[in-house]
Structure formats: structure tokens, C-alpha cells
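Q: Handing you this structure, nothing more for now.
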Amino acid sequence: MTQDTIDKLRKYAALLGAANEKARLTGPSDPDTLFDEHISDALEGLRFLPRGASFVDIGTGGGLPGLVWCICRPDSRGVLLDSIGKKIALLAGMADELGCANAVPVCMRSEDFARTRRESFDAAVARAVAHSCVLAEYMSPLVAPRGSLIAFKGPGASEELDIPESSWGRLGLSKPSVHPYGIAGKERLIIIWEKKGECPARYPRKPGDAAKKPWWQ
């Protein structure tokens, strides 16, 4: 990573800390804590994003991990998706100030966005958004076959994946692989699904159904 990239990430941490005073984008507001615990966490998943890839960050909040990835991979193009307009407005301002023309903030629910951009991304990512199986339903309709789904989760997420291996095929997915790592003394997981085929047309369902009517049960 170049010094210019590190400097830009430090600037992002300062901008995110200031934006946290206006809207709850992520936990802390201290730039050093944001860098050490949140931006460094986002960097852990960068190895799973192919060079030049298009991706969508679902429930991006303050841009984690999506804006971090756009800073580090100017050859990528990321849609930073959130349903809360105030968050997206603040995020758009940060992206402009950082000169990240490859970051595209969009205010929309993932279920609605998938109807306009179905299976058009190389990857989808989400960080601390929902149950792993619910995330899979959100992400799969957005990712093209042979792409990947990437979820940042806590250590308890392994239990969320305890469903029959064959069930993942209902969403056009492989069995997930689990990649443990640690940040600031905390155990974390990155979960990866490969998109093996098309996601059935019945997905995405209307907003709320993914959590209320589990597809895997």
C-alpha cells in the first residue's frame, strides 16, 4: 500500500469521525479508533476482491468496507448502497472530498436495487448487517454467475451457516467458506460464497421477507 493511499485512508477516518457527529454512521468518532478497528477491518476483505471488479456494498453506512475498497482499488467501481438518505448524503460528500470518482453512493433498499441491477456485479459485500442466510438472499440477486458474495461477521456466525450444504443451491450459491482473522484483539470471520449459477427469479422477495420468511427453513 502506498503512502498516498494510507494518507487518504487517514483523511477518510477524520471525515468519518466528523460525519458521525451528524448521523450514526458507525460506532466511534475518534479517527485513530476508526482507523485501527474499522478501516483496518475493511482492509482484511480486500484480498477477496478481484482487480478491476465491480461491487456493491449493502448497508454501507459510512462506507465500510466499500469506500475503503474504492480508495485502495481505484481500478474498481463500487456502488455504496444504503436505505437511509442522510447517511448516503454524508457518504457522497466524503467520496467527493476524497476524490473517489469510482464510488457511487445510492439510496435504495437492496431488494429494490436488485430489480434494476440484477446479476450485474462481480461481487457483493456486507459488514455487520444481518444473519448470514438473510445476507445471502440480499446479495445473490445482485451478483453475476462466477462472482462472489463476501460477508464480514463475528465469531458466532459459523452457527448461522449450519444448514444442509445442498440448500445453498437454492440461491445459485456454493457452500460458504469461512476465513478467520483478528482485529484489535477481537475474533472475526469473513464468509465467502461463490455464485455457481443464476439466482431464481423469485428472489429478491419484497422488503422484510428475507428475515420474516427464511428461505432455508
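Ligands are numbered from 1 in the order shown, chains are lettered A, B, ... in the order of the C-alpha cells, and residues start at 1 in each chain.
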How close does region 46-72 of chain A get to region 87-101 of chain A? List, as JSON lines, each residue of region 46-72 of chain A within 7 Å, its nearest atom pair and the distance in Å to one decimal, counting only C-alpha atoms.

A:
```
{"residue": "A:Gly61", "atom": "CA", "partner": "A:Lys87", "partner_atom": "CA", "distance": 6.1}
{"residue": "A:Gly62", "atom": "CA", "partner": "A:Leu91", "partner_atom": "CA", "distance": 5.9}
{"residue": "A:Gly63", "atom": "CA", "partner": "A:Leu91", "partner_atom": "CA", "distance": 6.6}
{"residue": "A:Cys70", "atom": "CA", "partner": "A:Cys100", "partner_atom": "CA", "distance": 6.8}
{"residue": "A:Ile71", "atom": "CA", "partner": "A:Cys100", "partner_atom": "CA", "distance": 6.5}
```

Q: Please report, as a tab-separated table, each residue of region 88-207 of chain A lying at most 10 Å from region 48-51 of chain A, together with the nearest pair of atoms and the separation in Å rounded to one decimal; use only C-alpha atoms, and order rows by chain and ascending residue number.

A:
```
residue	atom	partner	partner_atom	distance
A:Asp122	CA	A:Pro50	CA	8.3
A:Ala123	CA	A:Leu49	CA	7.3
A:Ala124	CA	A:Leu49	CA	9.5
A:Val125	CA	A:Leu49	CA	9.5
A:Gly147	CA	A:Pro50	CA	9.5
A:Ser148	CA	A:Leu49	CA	8.5
A:Leu149	CA	A:Phe48	CA	9.5
A:Ile150	CA	A:Phe48	CA	7.8
A:Ile190	CA	A:Phe48	CA	9.5
A:Ile192	CA	A:Phe48	CA	8.4
```

Q: If we count only C-alpha atoms, what is near region 109-115 of chain A at a cut-off of 6 Å, once residues fewer than 5 positions away on the same chain are taken out, given as an MDAnalysis selection string?

A: chainID A and resid 83 142 204

Q: Between CA of Leu25 (chain A) and CA of Arg73 (chain A), what is the distance, to one decimal in Å?

A: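 That distance, rounded to one decimal, is 22.4 Å.
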
Q: If you count only C-alpha atoms, which residues fall within 12 Å of Gly27 (chain A), apart from same-chain ones fewer than 2 positions away, as a PyMOL selection string?

A: chain A and resi 16-17+19-21+23-25+29-31+33-35+37-38+61-62+64+128

Q: Emit the selected residues as a compact mmCIF listing (two decimals), in the first residue's frame, including N, CA and C atoms.

A:
```txt
# COMPACT_ATOMS: atom_id res chain seq x y z
N LEU A 16 -14.94 10.60 8.49
CA LEU A 16 -15.96 9.72 9.04
C LEU A 16 -16.24 10.08 10.50
N GLY A 17 -15.18 10.39 11.24
CA GLY A 17 -15.37 10.80 12.63
C GLY A 17 -16.22 12.05 12.74
N ALA A 19 -18.38 13.12 10.46
CA ALA A 19 -19.73 12.81 9.98
C ALA A 19 -20.53 12.08 11.05
N ASN A 20 -19.84 11.33 11.91
CA ASN A 20 -20.52 10.62 12.99
C ASN A 20 -21.21 11.58 13.97
N GLU A 21 -20.75 12.81 13.99
CA GLU A 21 -21.37 13.81 14.86
C GLU A 21 -22.73 14.26 14.31
N ALA A 23 -24.68 12.09 12.05
CA ALA A 23 -25.54 10.90 11.89
C ALA A 23 -24.76 9.69 12.37
N ARG A 24 -25.47 8.71 12.88
CA ARG A 24 -24.83 7.50 13.40
C ARG A 24 -24.42 6.60 12.23
N LEU A 25 -23.20 6.78 11.75
CA LEU A 25 -22.72 6.01 10.61
C LEU A 25 -22.01 4.74 11.02
N SER A 29 -16.21 7.85 17.08
CA SER A 29 -15.93 9.05 16.29
C SER A 29 -14.45 9.40 16.28
N ASP A 30 -13.66 8.77 17.13
CA ASP A 30 -12.23 9.05 17.20
C ASP A 30 -11.53 8.51 15.95
N PRO A 31 -10.85 9.35 15.18
CA PRO A 31 -10.22 8.89 13.93
C PRO A 31 -9.23 7.74 14.10
N THR A 33 -9.26 5.37 16.43
CA THR A 33 -10.03 4.14 16.68
C THR A 33 -10.71 3.67 15.40
N LEU A 34 -11.25 4.61 14.65
CA LEU A 34 -11.88 4.25 13.37
C LEU A 34 -10.87 3.59 12.43
N PHE A 35 -9.66 4.11 12.41
CA PHE A 35 -8.64 3.54 11.52
C PHE A 35 -8.22 2.15 12.02
N GLU A 37 -9.62 -0.01 14.13
CA GLU A 37 -10.62 -1.07 14.33
C GLU A 37 -11.56 -1.26 13.14
N HIS A 38 -11.88 -0.20 12.43
CA HIS A 38 -12.89 -0.31 11.38
C HIS A 38 -12.28 -0.28 9.97
N GLY A 61 -23.63 2.22 5.29
CA GLY A 61 -23.50 3.15 6.41
C GLY A 61 -22.56 4.30 6.08
N GLY A 62 -21.41 4.31 6.74
CA GLY A 62 -20.40 5.35 6.49
C GLY A 62 -19.37 4.97 5.45
N LEU A 64 -18.14 1.54 4.97
CA LEU A 64 -17.31 0.41 5.39
C LEU A 64 -17.97 -0.91 4.99
N ALA A 128 -21.48 -6.60 8.99
CA ALA A 128 -22.30 -6.48 10.20
C ALA A 128 -23.71 -6.00 9.90
```

Q: When DSSP works through the backbone of this structure, what residues of region 41-157 of chain A end up as helix (DSSP H, G or I), shown as number ranges by chain?

A: A: 41-48, 66-72, 85-98, 110-116, 132-142, 157
